[in-house]
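Novice: Provided herewith: target17.txt, compact mmCIF, C-alpha atoms and all ligand atoms.
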# COMPACT_ATOMS: atom_id res chain seq x y z
CA ALA A 1 0.00 0.00 0.00
CA LYS A 2 1.06 3.57 -0.67
CA ARG A 3 2.30 5.75 2.13
CA ILE A 4 2.50 9.42 1.30
CA PHE A 5 4.64 11.80 3.36
CA SER A 6 5.48 15.44 2.88
CA GLY A 7 6.52 18.41 4.98
CA ILE A 8 6.39 22.17 4.98
CA GLN A 9 8.21 24.71 7.14
CA PRO A 10 6.09 27.00 9.33
CA THR A 11 7.80 30.12 8.03
CA GLY A 12 4.65 32.07 7.16
CA VAL A 13 1.45 31.49 5.22
CA PRO A 14 2.25 29.41 2.09
CA HIS A 15 2.47 31.08 -1.31
CA LEU A 16 1.35 30.06 -4.75
CA GLY A 17 4.64 28.19 -5.31
CA ASN A 18 4.10 25.99 -2.24
CA TYR A 19 0.51 25.50 -3.28
CA LEU A 20 0.95 24.62 -6.95
CA GLY A 21 4.27 22.85 -6.43
CA ALA A 22 3.19 20.69 -3.51
CA MET A 23 0.10 21.33 -1.38
CA ARG A 24 -2.53 21.09 -4.08
CA GLN A 25 -1.18 17.66 -4.94
CA TRP A 26 -1.39 16.64 -1.28
CA LYS A 27 -5.10 17.36 -1.41
CA GLN A 28 -5.48 15.46 -4.70
CA LEU A 29 -3.63 12.45 -3.29
CA GLN A 30 -5.87 12.59 -0.22
CA ASP A 31 -8.96 12.56 -2.44
CA GLU A 32 -7.62 9.68 -4.56
CA ALA A 33 -6.89 7.71 -1.38
CA SER A 34 -10.62 7.49 -0.67
CA SER A 35 -10.84 4.87 -3.41
CA SER A 36 -7.74 2.90 -2.32
CA PRO A 37 -8.29 2.18 1.37
CA GLY A 38 -4.73 0.98 2.19
CA THR A 39 -3.16 4.37 1.41
CA LYS A 40 -1.95 6.40 4.39
CA LEU A 41 -1.06 10.09 4.25
CA PHE A 42 1.15 12.13 6.59
CA PHE A 43 1.75 15.86 6.36
CA SER A 44 4.15 17.43 8.81
CA ILE A 45 4.63 21.04 9.81
CA VAL A 46 8.39 20.88 10.25
CA ASP A 47 9.04 23.26 13.13
CA LEU A 48 12.41 21.65 13.94
CA HIS A 49 13.59 22.45 10.43
CA ALA A 50 12.38 26.04 10.84
CA ILE A 51 14.76 26.63 13.76
CA THR A 52 17.80 25.98 11.56
CA MET A 53 17.42 29.71 10.90
CA PRO A 54 16.92 32.08 13.87
CA GLN A 55 13.26 32.34 14.96
CA ASP A 56 11.51 34.46 17.53
CA ALA A 57 9.58 32.12 19.90
CA PRO A 58 6.18 33.91 19.88
CA VAL A 59 6.40 34.27 16.09
CA LEU A 60 7.20 30.58 15.59
CA ARG A 61 4.34 29.62 17.90
CA GLN A 62 1.97 31.73 15.83
CA ARG A 63 3.30 30.45 12.50
CA ARG A 64 2.84 26.81 13.43
CA ARG A 65 -0.84 27.50 13.95
CA GLU A 66 -1.09 29.58 10.80
CA MET A 67 0.38 26.69 8.84
CA MET A 68 -2.04 24.23 10.42
CA ALA A 69 -4.95 26.54 9.49
CA SER A 70 -3.53 26.91 5.95
CA LEU A 71 -3.34 23.15 5.39
CA LEU A 72 -6.92 22.73 6.59
CA ALA A 73 -8.05 25.68 4.45
CA ILE A 74 -6.80 24.08 1.23
CA GLY A 75 -8.79 20.96 2.03
CA LEU A 76 -6.55 18.59 3.95
CA ASN A 77 -8.91 16.67 6.18
CA PRO A 78 -7.70 15.39 9.57
CA ALA A 79 -10.09 12.46 9.25
CA LYS A 80 -8.22 11.31 6.12
CA SER A 81 -4.68 12.64 6.56
CA THR A 82 -2.43 12.76 9.60
CA ILE A 83 -1.38 16.38 10.03
CA PHE A 84 1.13 17.04 12.80
CA TYR A 85 3.95 19.17 14.12
CA GLN A 86 7.30 17.49 13.63
CA SER A 87 8.43 18.39 17.17
CA SER A 88 5.43 16.60 18.68
CA VAL A 89 6.96 13.30 17.54
CA PRO A 90 10.37 13.14 19.29
CA ALA A 91 11.29 9.95 17.42
CA HIS A 92 12.02 12.07 14.32
CA SER A 93 14.96 13.60 16.21
CA GLU A 94 16.01 10.24 17.61
CA LEU A 95 16.15 8.63 14.17
CA LYS A 96 17.97 11.70 12.87
CA TRP A 97 20.81 10.96 15.28
CA ILE A 98 20.97 7.31 14.26
CA LEU A 99 21.04 8.28 10.58
CA ASP A 100 23.74 10.89 11.38
CA CYS A 101 25.93 7.95 12.37
CA THR A 102 25.82 6.51 8.83
CA ALA A 103 25.45 9.75 6.80
CA SER A 104 28.44 11.00 4.84
CA VAL A 105 29.74 14.50 5.52
CA GLY A 106 31.13 14.62 1.99
CA TYR A 107 27.67 14.17 0.53
CA LEU A 108 26.16 16.81 2.82
CA ASN A 109 28.97 19.16 1.94
CA ARG A 110 28.12 18.94 -1.76
CA MET A 111 24.47 19.84 -1.20
CA THR A 112 23.43 23.32 -2.20
CA GLN A 113 20.74 24.43 0.18
CA TRP A 114 22.82 25.31 3.24
CA LYS A 115 25.13 27.32 1.03
CA SER A 116 22.32 29.37 -0.46
CA LYS A 117 20.66 29.82 2.96
CA LEU A 118 23.87 31.19 4.41
CA ALA A 119 24.42 33.43 1.40
CA GLU A 120 20.85 34.71 1.63
CA ASP A 121 21.30 35.47 5.30
CA ASN A 122 24.43 37.45 4.50
CA ASN A 123 22.97 39.28 1.50
CA SER A 124 25.66 38.04 -0.78
CA LEU A 125 26.28 35.09 -3.02
CA ARG A 126 29.98 34.84 -2.33
CA ILE A 127 31.14 34.46 1.24
CA SER A 128 34.55 33.46 2.53
CA ASP A 129 35.40 30.03 3.94
CA GLU A 130 36.01 31.62 7.31
CA THR A 131 32.55 33.20 7.39
CA ILE A 132 31.09 29.84 6.44
CA GLU A 133 32.85 28.07 9.29
CA ASN A 134 31.76 30.67 11.81
CA LYS A 135 28.18 30.92 10.67
CA LEU A 136 27.31 27.40 9.59
CA LYS A 137 25.50 25.61 12.38
CA MET A 138 25.30 21.83 12.76
CA GLY A 139 21.52 21.94 12.46
CA LEU A 140 21.55 23.69 9.09
CA PHE A 141 24.30 21.42 7.79
CA GLY A 142 22.43 18.32 8.96
CA TYR A 143 19.05 19.59 7.73
CA PRO A 144 18.78 16.89 5.03
CA VAL A 145 19.38 14.12 7.61
CA LEU A 146 16.39 15.28 9.66
CA GLN A 147 14.36 15.43 6.45
CA ALA A 148 15.42 11.85 5.64
CA ALA A 149 14.38 10.81 9.17
CA ASP A 150 10.94 12.44 8.64
CA ILE A 151 10.40 10.37 5.52
CA LEU A 152 11.95 7.06 6.57
CA ILE A 153 10.34 6.97 10.00
CA HIS A 154 6.89 6.82 8.40
CA ARG A 155 8.06 4.31 5.77
CA ALA A 156 6.92 6.68 3.01
CA THR A 157 6.74 5.21 -0.49
CA HIS A 158 5.91 8.53 -2.20
CA VAL A 159 6.94 12.09 -1.35
CA PRO A 160 5.13 14.88 -3.24
CA VAL A 161 7.34 18.00 -3.38
CA GLY A 162 8.48 20.85 -5.62
CA ASP A 163 11.65 20.73 -7.72
CA ASP A 164 13.86 22.31 -5.05
CA GLN A 165 13.46 19.23 -2.82
CA LYS A 166 14.69 16.66 -5.34
CA GLN A 167 18.24 16.76 -4.04
CA HIS A 168 16.99 16.16 -0.49
CA LEU A 169 14.97 13.17 -1.66
CA GLU A 170 17.99 11.68 -3.41
CA PHE A 171 19.85 12.06 -0.12
CA ALA A 172 17.01 10.37 1.79
CA ARG A 173 17.30 7.35 -0.51
CA GLN A 174 21.03 7.30 0.17
CA CYS A 175 20.33 7.38 3.93
CA ALA A 176 18.00 4.39 3.56
CA ARG A 177 20.68 2.48 1.62
CA SER A 178 23.42 3.33 4.13
CA PHE A 179 21.25 2.26 7.04
CA ASN A 180 20.22 -1.01 5.40
CA SER A 181 23.76 -1.91 4.41
CA THR A 182 25.23 -1.03 7.82
CA TYR A 183 22.69 -2.94 9.89
CA PRO A 184 21.76 -6.50 8.90
CA GLY A 185 17.98 -6.78 9.08
CA GLY A 186 17.52 -3.05 8.44
CA ASP A 187 14.62 -2.54 6.06
CA MET A 188 14.20 1.18 5.51
CA VAL A 189 11.90 1.93 2.58
CA SER A 190 13.37 3.95 -0.28
CA PRO A 191 10.98 6.82 -1.09
CA GLU A 192 9.99 7.92 -4.58
CA THR A 193 9.76 11.65 -5.42
CA ILE A 194 6.59 12.88 -7.09
CA THR A 195 6.32 16.34 -8.59
CA THR A 196 3.48 18.30 -10.17
CA ARG A 197 3.24 19.98 -13.56
CA SER A 198 4.46 23.19 -11.91
CA PRO A 199 7.43 22.03 -9.88
CA ARG A 200 9.01 25.49 -9.94
CA VAL A 201 6.85 28.60 -9.73
CA MET A 202 8.94 31.70 -10.33
CA SER A 203 9.05 35.01 -8.43
CA LEU A 204 6.76 37.73 -9.80
CA THR A 205 9.45 40.39 -9.45
CA ASN A 206 12.46 38.37 -10.61
CA PRO A 207 11.41 35.52 -12.90
CA HIS A 208 14.94 34.07 -12.83
CA LYS A 209 14.41 33.09 -9.18
CA LYS A 210 11.84 30.77 -7.67
CA MET A 211 8.99 32.22 -5.65
CA SER A 212 10.08 31.98 -2.02
CA LYS A 213 8.87 32.78 1.47
CA SER A 214 12.16 34.35 2.42
CA SER A 215 12.38 37.04 -0.25
CA PRO A 216 12.18 40.47 1.43
CA ASN A 217 10.06 41.72 -1.49
CA HIS A 218 6.42 40.93 -0.73
CA SER A 219 5.35 41.69 -4.29
CA SER A 220 7.39 38.70 -5.46
CA ARG A 221 4.81 36.22 -4.17
CA ILE A 222 1.09 35.66 -3.71
CA LEU A 223 0.00 34.17 -0.41
CA ILE A 224 -2.80 31.60 -0.63
CA THR A 225 -4.76 33.76 1.83
CA ALA A 226 -4.31 37.00 -0.13
CA PRO A 227 -7.46 39.09 -0.69
CA GLU A 228 -8.62 39.27 -4.31
CA ASP A 229 -7.47 42.85 -4.92
CA GLU A 230 -3.97 41.98 -3.74
CA ILE A 231 -3.78 38.94 -6.05
CA ARG A 232 -4.81 41.14 -8.99
CA LYS A 233 -2.39 43.90 -8.09
CA ARG A 234 0.61 41.56 -7.79
CA ILE A 235 -0.10 39.86 -11.11
CA ARG A 236 -0.66 43.22 -12.80
CA SER A 237 2.73 44.41 -11.63
CA ALA A 238 4.54 41.12 -12.37
CA VAL A 239 7.85 41.69 -14.16
CA THR A 240 7.78 40.45 -17.77
CA ASP A 241 9.80 41.88 -20.66
CA SER A 242 9.51 44.59 -23.25
CA LEU A 243 8.35 42.42 -26.16
CA TYR A 244 4.81 43.04 -27.24
CA ALA A 245 3.49 39.62 -28.26
CA VAL A 246 2.72 36.67 -26.02
CA THR A 247 4.90 33.59 -26.56
CA TYR A 248 5.82 30.64 -24.35
CA ASP A 249 9.58 30.41 -23.96
CA PRO A 250 10.71 29.71 -20.38
CA GLN A 251 14.40 30.21 -21.27
CA GLU A 252 14.18 33.52 -23.11
CA ARG A 253 10.97 34.91 -21.63
CA PRO A 254 10.75 33.59 -18.06
CA GLY A 255 8.34 36.28 -16.82
CA VAL A 256 5.73 35.83 -19.53
CA SER A 257 6.15 32.06 -19.40
CA ASN A 258 5.64 32.04 -15.63
CA LEU A 259 2.29 33.81 -16.14
CA LEU A 260 1.32 31.28 -18.83
CA ASP A 261 2.30 28.47 -16.46
CA LEU A 262 0.19 29.96 -13.68
CA LEU A 263 -2.73 30.37 -16.04
CA SER A 264 -2.39 26.80 -17.27
CA GLN A 265 -2.11 25.45 -13.71
CA CYS A 266 -5.19 27.34 -12.56
CA ASP A 267 -7.20 26.55 -15.69
CA PRO A 268 -10.03 24.14 -14.80
CA GLU A 269 -9.61 22.63 -18.28
CA ALA A 270 -5.84 22.30 -17.78
CA ARG A 271 -4.94 23.69 -21.22
CA GLU A 272 -1.19 23.74 -21.80
CA PRO A 273 0.78 27.01 -21.56
CA GLU A 274 1.61 26.74 -25.30
CA GLU A 275 -2.07 26.64 -26.10
CA TRP A 276 -2.70 29.71 -23.96
CA ALA A 277 0.17 31.48 -25.74
CA ARG A 278 -1.53 30.82 -29.08
CA HIS A 279 -4.80 32.08 -27.60
CA PHE A 280 -3.13 35.39 -26.72
CA GLU A 281 -1.06 35.57 -29.92
CA ASN A 282 -2.65 38.81 -31.05
CA ALA A 283 -3.36 40.17 -27.61
CA ASN A 284 -1.09 42.12 -25.26
CA LEU A 285 0.48 41.29 -21.94
CA GLY A 286 -2.27 43.19 -20.11
CA ASP A 287 -4.84 40.72 -21.41
CA LEU A 288 -2.69 37.78 -20.36
CA LYS A 289 -2.28 39.27 -16.89
CA GLN A 290 -6.00 39.83 -16.61
CA ALA A 291 -6.77 36.21 -17.54
CA THR A 292 -4.06 34.90 -15.21
CA ALA A 293 -5.40 36.97 -12.31
CA ASP A 294 -8.94 35.71 -12.97
CA ALA A 295 -7.72 32.11 -12.98
CA VAL A 296 -5.66 32.47 -9.77
CA VAL A 297 -8.52 34.24 -7.98
CA ARG A 298 -10.85 31.41 -8.99
CA GLU A 299 -8.35 28.75 -7.88
CA LEU A 300 -7.88 30.32 -4.44
CA ALA A 301 -11.56 31.21 -3.91
CA GLY A 302 -12.67 30.45 -0.35
CA VAL A 303 -9.17 29.68 1.00
CA ARG A 304 -8.87 33.00 2.83
CA GLU A 305 -12.28 32.66 4.51
CA ARG A 306 -11.69 29.06 5.56
CA TYR A 307 -8.22 29.97 6.85
CA LEU A 308 -9.57 32.74 9.06
CA ASP A 309 -12.35 30.46 10.29
CA PHE A 310 -9.93 27.71 11.30
CA LEU A 311 -7.55 30.15 12.95
CA ASN A 312 -10.27 31.84 15.00
CA HIS A 313 -12.55 28.90 15.70
CA LYS A 314 -13.48 28.94 19.40
CA GLY A 315 -10.27 30.74 20.24
CA GLY A 316 -8.30 28.04 18.50
CA ARG A 317 -9.64 25.16 20.60
CA TRP A 318 -10.54 23.06 17.61
CA LEU A 319 -7.06 23.39 16.14
CA THR A 320 -5.70 22.10 19.44
CA GLU A 321 -7.78 18.95 19.13
CA ILE A 322 -6.56 18.37 15.58
CA GLU A 323 -2.98 18.91 16.72
CA GLU A 324 -3.32 16.35 19.51
CA GLU A 325 -4.95 13.74 17.33
CA GLY A 326 -2.35 14.16 14.56
CA ALA A 327 0.52 13.87 17.06
CA LYS A 328 -0.94 10.66 18.49
CA VAL A 329 -1.32 8.89 15.14
CA ALA A 330 2.11 10.08 13.92
CA ARG A 331 3.76 8.86 17.14
CA GLU A 332 2.27 5.40 16.68
CA SER A 333 3.49 5.27 13.07
CA ALA A 334 6.98 6.42 14.09
CA ASP A 335 7.23 4.05 17.06
CA GLU A 336 6.58 1.09 14.80
CA THR A 337 9.65 1.92 12.70
CA MET A 338 11.71 2.73 15.78
CA ARG A 339 11.10 -0.77 17.15
CA MET A 340 12.77 -2.16 14.01
CA VAL A 341 15.55 0.43 14.27
CA ARG A 342 16.34 -0.24 17.93
CA ASP A 343 16.26 -3.94 17.27
CA VAL A 344 18.67 -4.04 14.32
CA VAL A 345 21.03 -1.42 15.78
CA GLY A 346 21.15 -3.22 19.13
CA LEU A 347 19.52 -0.58 21.27
CA SER A 348 16.83 -2.86 22.65
CA ASP A 349 16.86 -6.20 24.46
P1 LIG A 401 9.34 24.32 2.09
O1 LIG A 401 8.63 24.64 3.38
O2 LIG A 401 10.39 25.26 1.64
O3 LIG A 401 8.30 24.18 0.92
C1 LIG A 401 7.16 23.33 0.97
C2 LIG A 401 6.91 22.73 -0.39
O4 LIG A 401 6.69 23.74 -1.37
C3 LIG A 401 7.53 23.53 -2.51
N1 LIG A 401 7.90 24.82 -3.11
C4 LIG A 401 7.74 25.14 -4.39
N2 LIG A 401 7.24 24.45 -5.44
C5 LIG A 401 7.21 25.07 -6.63
N3 LIG A 401 7.63 26.34 -6.85
C6 LIG A 401 8.14 27.07 -5.83
N4 LIG A 401 8.55 28.33 -6.04
C7 LIG A 401 8.22 26.47 -4.54
N5 LIG A 401 8.65 26.90 -3.32
C8 LIG A 401 8.45 25.87 -2.47
C9 LIG A 401 8.73 22.79 -1.95
O5 LIG A 401 9.41 22.07 -2.96
C10 LIG A 401 8.10 21.90 -0.91
O6 LIG A 401 7.62 20.69 -1.50
N6 LIG A 401 12.73 20.82 3.32
C11 LIG A 401 11.31 21.04 3.04
C12 LIG A 401 10.38 20.57 4.16
C13 LIG A 401 10.52 19.14 4.57
C14 LIG A 401 10.10 18.00 3.83
C15 LIG A 401 10.39 16.88 4.67
C16 LIG A 401 9.53 17.82 2.56
C17 LIG A 401 11.02 18.71 5.76
N7 LIG A 401 10.93 17.36 5.82
C18 LIG A 401 10.13 15.59 4.24
C19 LIG A 401 9.27 16.51 2.16
C20 LIG A 401 9.57 15.41 2.98
C21 LIG A 401 11.08 22.53 2.83
O7 LIG A 401 11.82 23.33 3.33
O8 LIG A 401 9.92 22.83 2.15
Since I need it in another form, could you write the structure as C-alpha cells?

Specialist:
Amino acid sequence: AKRIFSGIQPTGVPHLGNYLGAMRQWKQLQDEASSSPGTKLFFSIVDLHAITMPQDAPVLRQRRREMMASLLAIGLNPAKSTIFYQSSVPAHSELKWILDCTASVGYLNRMTQWKSKLAEDNNSLRISDETIENKLKMGLFGYPVLQAADILIHRATHVPVGDDQKQHLEFARQCARSFNSTYPGGDMVSPETITTRSPRVMSLTNPHKKMSKSSPNHSSRILITAPEDEIRKRIRSAVTDSLYAVTYDPQERPGVSNLLDLLSQCDPEAREPEEWARHFENANLGDLKQATADAVVRELAGVRERYLDFLNHKGGRWLTEIEEEGAKVARESADETMRMVRDVVGLSD
C-alpha cells in the first residue's frame, strides 16, 4: 500500500509556489486515497527544520498554527490525513541521530541548500570560507538528515514535493541504503519523489528566481490567503519583458512564461501554456495578466475565509484537538519503525 509523506516549514502562510508545487497535490492524493483504502497520508509542519534559521519564539508559535490553518483551508482533512507538528513526535529527532551515524559529511557538503541559505542570510552570493565556518551551524548542515528521518520513519513510499526538494529526496534514498547496508535486518523503505506539472513557480518580481517565502520583497509572491485585490495587483505588476506579443519560452521569456504556467495550472480545463500562448497571440500582456489573475482568484476562492475560520474557531480550541490527534497517530506510526531500528542497531533487548 502507498504511504505518502510530505513536509512544509512553518515560516509564514504558504504562497502560490508551495501550493501549486506541492500542497494542491497533497489534497489530490488525499482525495484519490478514498478509493484505495490501504493508502496512508502524513503531512508534517516541520518546526524543527524552521529553527535551523533564527526564529523568535512567539512568532514561531503563531506560524505553526497559521500553517495548520492553511493546510486545513486548502482541504486537507484530519479524518483522512495525519497532520502534525514534527516536534510533537520526538522519534524524528532520535532517528535523525541514528542516521547521522551513517550519513556521509562529503555528501552533505556537496548539497546546495545550506550554502544558499547562508548566502541569503548574508545578503551576498559569495562568502569566505572563514565566514562559512563561523556561521554554519550543525543543524543547518544536517538539515537533510532530519528530512530523511521524517520520511523514513513513516516508511513513506511517495513524497510529493516541488523541484527544489529533489536533491533532499535523493539524499534520503542514500540514507535508507546506508542504514540497510550497515545494519543487517535493516529494512528502511526507499521513497519515490513525485512532482506536479508546476514544480518550480517563479518570483513575480524576478522571474529568474523561484517564488520563495524568504524574499524580502512581498510583491514577489502571492499568499494563498491574499485578498482578491492583492492577487490582482501583484499579477498586474509582475515583471515580464519589453516584447509586445505573447509567446511561451521559459528560457528567453521567463516572466511571460511564468504567467502562462500559472494560467495553465489554474485553468479548470488544464490547457497547456503553449495553447494559452496561441490564444493570446494577437493580444497584449495586459490581457494575459487579466486572464491569469482571474484564474488564480478562482483557484484560491474560499481559501482565505476558511483559513480565518480555522484560525479563529473557538479561540483556537478546535485546532488544538486536531494537533493532539495528529501527534498521536504520527507517534504510533513512528514508534513502529523505531522498534525495528532499535532492534537491528542493538539498542533494545
Ligand atoms: P518548504 O517549506 O520550503 O516548501 C514546501 C513545499 O513547497 C515547494 N515549493 C515550491 N514548489 C514550486 N515552486 C516554488 N517556487 C516552490 N517553493 C516551495 C517545496 O518544494 C516543498 O515541496 N525541506 C522542506 C520541508 C521538509 C520536507 C520533509 C519535505 C522537511 N521534511 C520531508 C518533504 C519530505 C522545505 O523546506 O519545504

Novice: Counting all atoms listed in the file, figure out which residue out of A:Met202, A:Ala226, A:Ala238, A:Met340 gets nearest to Ala301 in chain A.

Specialist: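 Ranked by minimum distance to Ala301 in chain A, first place goes to A:Ala226.
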
Novice: Would you mind telling me which residue in A:Ile132, A:Leu99, A:Gly286, A:Lys328 lies nearest to Lys115 in chain A when using only C-alpha atoms?

Specialist: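 Nearest to Lys115 in chain A: A:Ile132.
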
Novice: Residues of chain A that approach ligand LIG 401 (chain A) to 6 Å or less, counting all atoms listed in the file: could you list each one with the shortest pair of atoms and its distance in Å to one decimal, rows by chain and increasing residue number, as JSON lines?

Specialist:
{"residue": "A:Ser6", "atom": "CA", "partner": "A:LIG401", "partner_atom": "C19", "distance": 4.0}
{"residue": "A:Gly7", "atom": "CA", "partner": "A:LIG401", "partner_atom": "C14", "distance": 3.8}
{"residue": "A:Ile8", "atom": "CA", "partner": "A:LIG401", "partner_atom": "O1", "distance": 3.7}
{"residue": "A:Gln9", "atom": "CA", "partner": "A:LIG401", "partner_atom": "O1", "distance": 3.8}
{"residue": "A:Gly17", "atom": "CA", "partner": "A:LIG401", "partner_atom": "C6", "distance": 3.7}
{"residue": "A:Asn18", "atom": "CA", "partner": "A:LIG401", "partner_atom": "O4", "distance": 3.5}
{"residue": "A:Gly21", "atom": "CA", "partner": "A:LIG401", "partner_atom": "N2", "distance": 3.5}
{"residue": "A:Ala22", "atom": "CA", "partner": "A:LIG401", "partner_atom": "O6", "distance": 4.9}
{"residue": "A:Val46", "atom": "CA", "partner": "A:LIG401", "partner_atom": "C17", "distance": 5.6}
{"residue": "A:Gln147", "atom": "CA", "partner": "A:LIG401", "partner_atom": "N7", "distance": 4.0}
{"residue": "A:Asp150", "atom": "CA", "partner": "A:LIG401", "partner_atom": "C18", "distance": 5.5}
{"residue": "A:Ile151", "atom": "CA", "partner": "A:LIG401", "partner_atom": "C18", "distance": 5.4}
{"residue": "A:Val161", "atom": "CA", "partner": "A:LIG401", "partner_atom": "O6", "distance": 3.3}
{"residue": "A:Gly162", "atom": "CA", "partner": "A:LIG401", "partner_atom": "O5", "distance": 3.1}
{"residue": "A:Asp163", "atom": "CA", "partner": "A:LIG401", "partner_atom": "O5", "distance": 5.4}
{"residue": "A:Asp164", "atom": "CA", "partner": "A:LIG401", "partner_atom": "O5", "distance": 4.9}
{"residue": "A:Gln165", "atom": "CA", "partner": "A:LIG401", "partner_atom": "O5", "distance": 4.9}
{"residue": "A:Pro199", "atom": "CA", "partner": "A:LIG401", "partner_atom": "C5", "distance": 4.5}
{"residue": "A:Arg200", "atom": "CA", "partner": "A:LIG401", "partner_atom": "N3", "distance": 3.5}
{"residue": "A:Val201", "atom": "CA", "partner": "A:LIG401", "partner_atom": "N3", "distance": 3.7}
{"residue": "A:Met202", "atom": "CA", "partner": "A:LIG401", "partner_atom": "N4", "distance": 5.5}
{"residue": "A:Lys210", "atom": "CA", "partner": "A:LIG401", "partner_atom": "N4", "distance": 4.4}
{"residue": "A:Met211", "atom": "CA", "partner": "A:LIG401", "partner_atom": "N4", "distance": 3.9}
{"residue": "A:Ser212", "atom": "CA", "partner": "A:LIG401", "partner_atom": "N5", "distance": 5.4}

Novice: Using Å and a single decimal, report how far CA of Pro227 in chain A sits from CA of Ala270 in chain A.

Specialist: 24.0 Å

Novice: Tell me, as a PyMOL selection string, which residues lie within 12 Å of Thr182 in chain A, counting only C-alpha atoms; anything in the same chain fewer than 4 positions away does not count.

Specialist: chain A and resi 98-99+101-103+175-178+186-188+341+344-345

Novice: Nearest to Tyr307 in chain A among A:Gln167, A:Thr320, A:Gln290, A:Thr225, with distances taken over all atoms listed in the file: which residue is it?

Specialist: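 Looking at the shortest contact to Tyr307 in chain A, the residue is A:Thr225.
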
Novice: With all atoms listed in the file as the counted atoms, please give the residues lying no more than 9 Å from Ser237 in chain A, apart from itself and same-chain residues fewer than 6 positions off, as a ChimeraX atom specification.

Specialist: /A:204-205,219,289

Novice: Convert the current residue selection to file output with C-alpha atoms, as an mmCIF file, in the frame of the given file.

Specialist:
data_model
loop_
_atom_site.group_PDB
_atom_site.id
_atom_site.type_symbol
_atom_site.label_atom_id
_atom_site.label_comp_id
_atom_site.auth_asym_id
_atom_site.auth_seq_id
_atom_site.Cartn_x
_atom_site.Cartn_y
_atom_site.Cartn_z
ATOM 1 C CA LEU A 204 6.760 37.730 -9.800
ATOM 2 C CA THR A 205 9.450 40.390 -9.450
ATOM 3 C CA SER A 219 5.350 41.690 -4.290
ATOM 4 C CA LYS A 289 -2.280 39.270 -16.890
#

Novice: Give as a list in words each residue that has an atom at most 8 Å from (3.4, 42.1, -3.5) in the file, counting all atoms listed in the file.

Specialist: Asn217, His218, Ser219, Ser220, Arg221, Ile222, Glu230, Lys233 and Arg234 of chain A

Novice: Which residue, A:Asn284, A:Ser44, A:Asn77, A:Ser87, has the smallest gap to Lys27 in chain A when you use only C-alpha atoms?

Specialist: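 Checking each candidate against Lys27 in chain A, we get A:Asn77 as the closest.
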
Novice: Could you list, as JSON, numbers by chain, every residue within 10 Å of Thr52 in chain A, counting all atoms listed in the file and ignoring same-chain residues fewer than 6 positions away?

Specialist: {"A": [114, 117, 136, 137, 138, 139, 140, 141, 142, 143]}

Novice: Hey, can you check how far CA of Phe84 in chain A sits from CA of Leu71 in chain A?

Specialist: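 Spanning CA of Phe84 in chain A to CA of Leu71 in chain A is a straight-line distance of 10.6 Å.
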
Novice: Expressed in Å to a single decimal, how great is the separation between CA of Leu308 in chain A and CA of Gln55 in chain A?

Specialist: 23.6 Å

Novice: Rank nothing, just name the residue among A:Glu272, A:Gly255, A:Val159, A:Leu146 nearest to His92 in chain A, using only C-alpha atoms.

Specialist: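 Answer, going by the shortest atom-to-atom distance: A:Leu146.
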
Novice: Need the neighbours of (-5.8, 33.3, -11.6): which residues are at most 9 Å away, counting all atoms listed in the file, as a VMD selection string?

Specialist: chain A and resid 231 to 232 235 262 to 263 265 to 267 289 to 300
